[in-house]
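This is model25.txt. It holds compact mmCIF, C-alpha atoms.
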# COMPACT_ATOMS: atom_id res chain seq x y z
CA MET A 803 18.63 11.63 -1.12
CA PHE A 804 15.81 9.37 0.15
CA LYS A 805 13.38 12.30 0.24
CA VAL A 806 14.21 13.10 -3.39
CA LEU A 807 13.64 9.44 -4.29
CA LEU A 808 10.33 9.37 -2.45
CA PHE A 809 9.12 12.60 -4.04
CA SER A 810 10.06 11.10 -7.41
CA VAL A 811 7.96 7.99 -6.76
CA LEU A 812 5.06 10.14 -5.59
CA ALA A 813 5.25 12.22 -8.76
CA PHE A 814 5.54 9.03 -10.79
CA ALA A 815 2.49 7.58 -9.03
CA ALA A 816 0.45 10.75 -9.42
CA ARG A 817 0.19 10.52 -13.18
CA GLU A 818 -3.56 10.84 -12.86
CA GLU A 819 -5.76 12.76 -10.48
CA LYS A 820 -6.77 10.54 -7.58
CA ALA A 821 -9.94 8.83 -8.68
CA HIS A 822 -12.07 6.49 -6.63
CA VAL A 823 -12.54 3.12 -8.28
CA HIS A 824 -14.01 0.21 -6.34
CA GLY A 825 -11.71 -2.79 -6.31
CA VAL A 826 -8.62 -0.81 -7.35
CA ALA A 827 -5.72 0.06 -5.05
CA LYS A 828 -2.58 2.05 -5.75
CA ALA A 829 0.81 1.36 -4.24
CA ALA A 830 4.14 3.16 -4.52
CA LEU A 831 7.37 1.49 -3.39
CA ALA A 832 10.58 3.46 -3.04
CA PHE A 833 13.91 2.06 -1.89
CA GLU A 834 17.28 3.63 -1.27
CA GLY A 835 19.88 1.27 0.07
CA LYS A 836 18.45 -0.77 2.91
CA THR A 837 15.52 1.55 3.64
CA GLY A 838 12.32 2.18 1.82
CA LYS A 839 8.71 3.19 1.96
CA ILE A 840 5.45 1.65 0.83
CA GLU A 841 2.55 4.02 0.27
CA MET A 842 -0.94 2.77 -0.51
CA SER A 843 -4.28 4.28 -1.43
CA LEU A 844 -7.23 1.91 -1.12
CA PRO A 845 -11.02 2.22 -1.19
CA SER A 846 -12.31 1.79 2.36
CA SER A 847 -15.08 -0.49 1.10
CA ALA A 848 -12.40 -3.07 0.27
CA ILE A 849 -10.81 -2.82 3.71
CA TYR A 850 -13.77 -2.67 6.08
CA GLY A 851 -16.84 -3.10 3.89
CA PHE A 852 -18.35 0.38 3.58
CA GLU A 853 -17.54 3.98 2.68
CA TYR A 854 -19.86 6.01 4.87
CA MET A 855 -18.83 7.49 8.21
CA PRO A 856 -19.27 4.72 10.81
CA LYS A 857 -21.93 5.55 13.37
CA THR A 858 -22.87 2.25 14.97
CA ALA A 859 -20.63 0.23 17.28
CA LYS A 860 -20.65 -2.57 14.70
CA ASP A 861 -19.42 -0.23 11.94
CA LYS A 862 -16.77 1.30 14.18
CA LYS A 863 -15.55 -2.17 15.12
CA ALA A 864 -15.45 -3.23 11.43
CA LYS A 865 -13.43 -0.13 10.53
CA GLU A 866 -10.98 -0.69 13.38
CA ALA A 867 -10.59 -4.38 12.49
CA GLY A 868 -10.02 -3.59 8.79
CA LEU A 869 -7.34 -0.99 9.55
CA GLN A 870 -5.68 -3.35 12.04
CA LYS A 871 -5.64 -6.11 9.42
CA LEU A 872 -4.04 -3.71 6.93
CA GLU A 873 -1.31 -2.94 9.47
CA ASP A 874 -0.83 -6.55 10.60
CA LYS A 875 -0.75 -8.10 7.11
CA ILE A 876 1.40 -5.59 5.21
CA ALA A 877 4.37 -7.98 5.11
CA GLU A 878 2.07 -10.62 3.57
CA MET A 879 0.76 -8.16 0.98
CA PHE A 880 4.26 -7.08 -0.10
CA VAL A 881 6.58 -10.04 0.37
CA LEU A 882 10.28 -9.26 0.13
CA ASP A 883 13.00 -11.91 -0.10
CA PRO A 884 13.33 -13.39 3.43
CA SER A 885 17.14 -13.31 3.19
CA LEU A 886 16.94 -9.48 3.24
CA LYS A 887 15.47 -9.62 6.76
CA CYS A 888 13.14 -6.69 6.19
CA GLU A 889 10.84 -5.20 8.78
CA ILE A 890 7.79 -3.20 7.67
CA LYS A 891 6.16 -0.82 10.14
CA LYS A 892 3.16 1.49 9.85
CA GLU A 893 3.89 5.19 9.85
CA ILE A 894 0.56 6.79 8.92
CA PHE A 895 -3.05 5.78 8.30
CA GLU A 896 -5.46 8.44 7.10
CA VAL A 897 -9.07 7.94 6.13
CA ASP A 898 -10.10 10.50 3.53
CA GLN A 899 -13.83 10.75 4.28
CA ARG A 900 -16.08 12.72 1.94
CA GLU A 901 -19.77 12.31 2.63
CA ASN A 902 -20.53 8.74 1.49
CA HIS A 903 -17.14 8.11 -0.06
CA SER A 904 -13.83 7.30 1.60
CA ASP A 905 -10.35 6.09 0.81
CA ILE A 906 -7.51 4.97 3.04
CA ASP A 907 -4.02 6.35 2.61
CA ALA A 908 -1.34 4.34 4.38
CA GLU A 909 2.43 4.71 4.67
CA PHE A 910 4.83 2.06 5.87
CA ARG A 911 8.58 2.29 6.57
CA VAL A 912 10.74 -0.62 5.32
CA ASN A 913 14.09 -1.41 6.97
CA CYS A 914 16.17 -4.30 5.65
CA GLU A 915 19.57 -5.75 6.53
CA LYS A 916 20.41 -5.81 2.78
CA SER A 917 19.22 -3.71 -0.13
CA PRO A 918 16.21 -5.21 -1.94
CA VAL A 919 17.50 -3.91 -5.30
CA GLY A 920 18.16 -6.86 -7.59
CA THR A 921 15.50 -9.03 -5.96
CA SER A 922 11.71 -9.06 -6.37
CA VAL A 923 8.65 -8.27 -4.31
CA MET A 924 5.57 -10.48 -4.40
CA VAL A 925 2.30 -8.55 -4.34
CA ASN A 926 -0.49 -10.39 -2.50
CA VAL A 927 -2.94 -7.60 -1.68
CA ALA A 928 -5.89 -9.47 -3.24
CA LYS A 929 -5.20 -12.54 -1.09
CA ILE A 930 -5.56 -10.48 2.09
CA PHE A 931 -8.34 -8.17 0.85
CA PRO A 932 -10.32 -10.07 -1.83
CA ARG A 933 -12.39 -7.00 -2.75
CA ILE A 934 -9.21 -5.54 -4.27
CA LYS A 935 -9.15 -6.80 -7.86
CA THR A 936 -6.32 -4.64 -9.23
CA VAL A 937 -3.29 -2.99 -7.67
CA GLN A 938 -1.40 -0.35 -9.66
CA VAL A 939 2.17 -0.59 -8.35
CA ASP A 940 4.80 2.07 -9.05
CA VAL A 941 8.39 1.34 -8.06
CA ILE A 942 11.49 3.49 -7.81
CA ALA A 943 14.71 1.99 -6.47
CA GLU A 944 18.32 2.80 -7.36
CA GLY A 945 18.20 2.60 -11.16
CA VAL A 946 14.75 1.00 -11.28
CA GLN A 947 11.62 2.87 -12.28
CA LYS A 948 8.56 0.91 -13.36
CA SER A 949 4.84 0.66 -13.14
CA GLN A 950 2.94 -2.62 -13.14
CA GLU A 951 -0.69 -3.58 -12.78
CA VAL A 952 -1.23 -6.63 -10.58
CA LYS A 953 -4.57 -8.35 -11.06
CA THR A 954 -4.03 -11.52 -9.05
CA GLY A 955 -2.35 -12.29 -5.77
CA GLY A 956 1.13 -13.75 -5.87
CA GLU A 957 2.46 -11.74 -8.81
CA SER A 958 6.12 -10.67 -8.57
CA ILE A 959 7.67 -7.36 -9.51
CA GLU A 960 11.39 -7.41 -10.23
CA LEU A 961 13.39 -4.74 -8.46
CA LYS A 962 15.97 -4.65 -11.23
Using the file provided, produce a representation of the structure as structure tokens.
Amino acid sequence: MFKVLLFSVLAFAAREEKAHVHGVAKAALAFEGKTGKIEMSLPSSAIYGFEYMPKTAKDKKAKEAGLQKLEDKIAEMFVLDPSLKCEIKKEIFEVDQRENHSDIDAEFRVNCEKSPVGTSVMVNVAKIFPRIKTVQVDVIAEGVQKSQEVKTGGESIELK
């Protein structure tokens, strides 16, 4: 059932062909019961400051630090109700590098003690990565299907 739910959110999120827009990130959240997934697509320039293939030690270090920050701060970018006791862990990071253009695709697994349905999630991506000005968030969770554009940090999306 969860795979069907996730494929639904991916189809929902893929309304448009993937287009690179500086300052814009896309996120898809899918929940079934106490488990879920967060998938993100972000311009690499917003995460580590450039899009070209890193060649120097400084660029490689900046890329590594940006990806580590994305992993370390995911629970601050998508804040679930603390009473749910959710844990968010990285599953996949992929850098889609095309000449002088790159995006980051990231997947995170969410495990909670209680279902997040009926609560809300606070989206704070811009507070962690200020170069992100807009996050297009698509949500599917047991009876909930919505899309919301978040332009500032600290904006909540109801999971009901």
State, in Å with one decimal place, the distance from CA of Ala943 (chain A) to CA of Ile890 (chain A).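 Distance reported for this atom pair: 16.6 Å.
Shortest atom-to-atom contact with Val912 (chain A) among A:Gly868, A:Gly955, A:Gly838, A:Pro845: A:Gly838, counting all atoms listed in the file.
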Residues within 9 Å of region 926-930 of chain A, all atoms listed in the file, excluding chain neighbours under 6 positions, as an MDAnalysis selection string: chainID A and resid 827 871:872 875:876 878:881 936:937 952:958
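Nearest residue to Cys888 (chain A) among A:Ala859, A:Ile906, A:Val923, A:Ile849 is A:Val923, counting only C-alpha atoms.
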One residue among A:Gln938, A:Ser885, A:Gln947, A:Ser904 is nearest to Ala832 (chain A) when using all atoms listed in the file, and that residue is A:Gln947
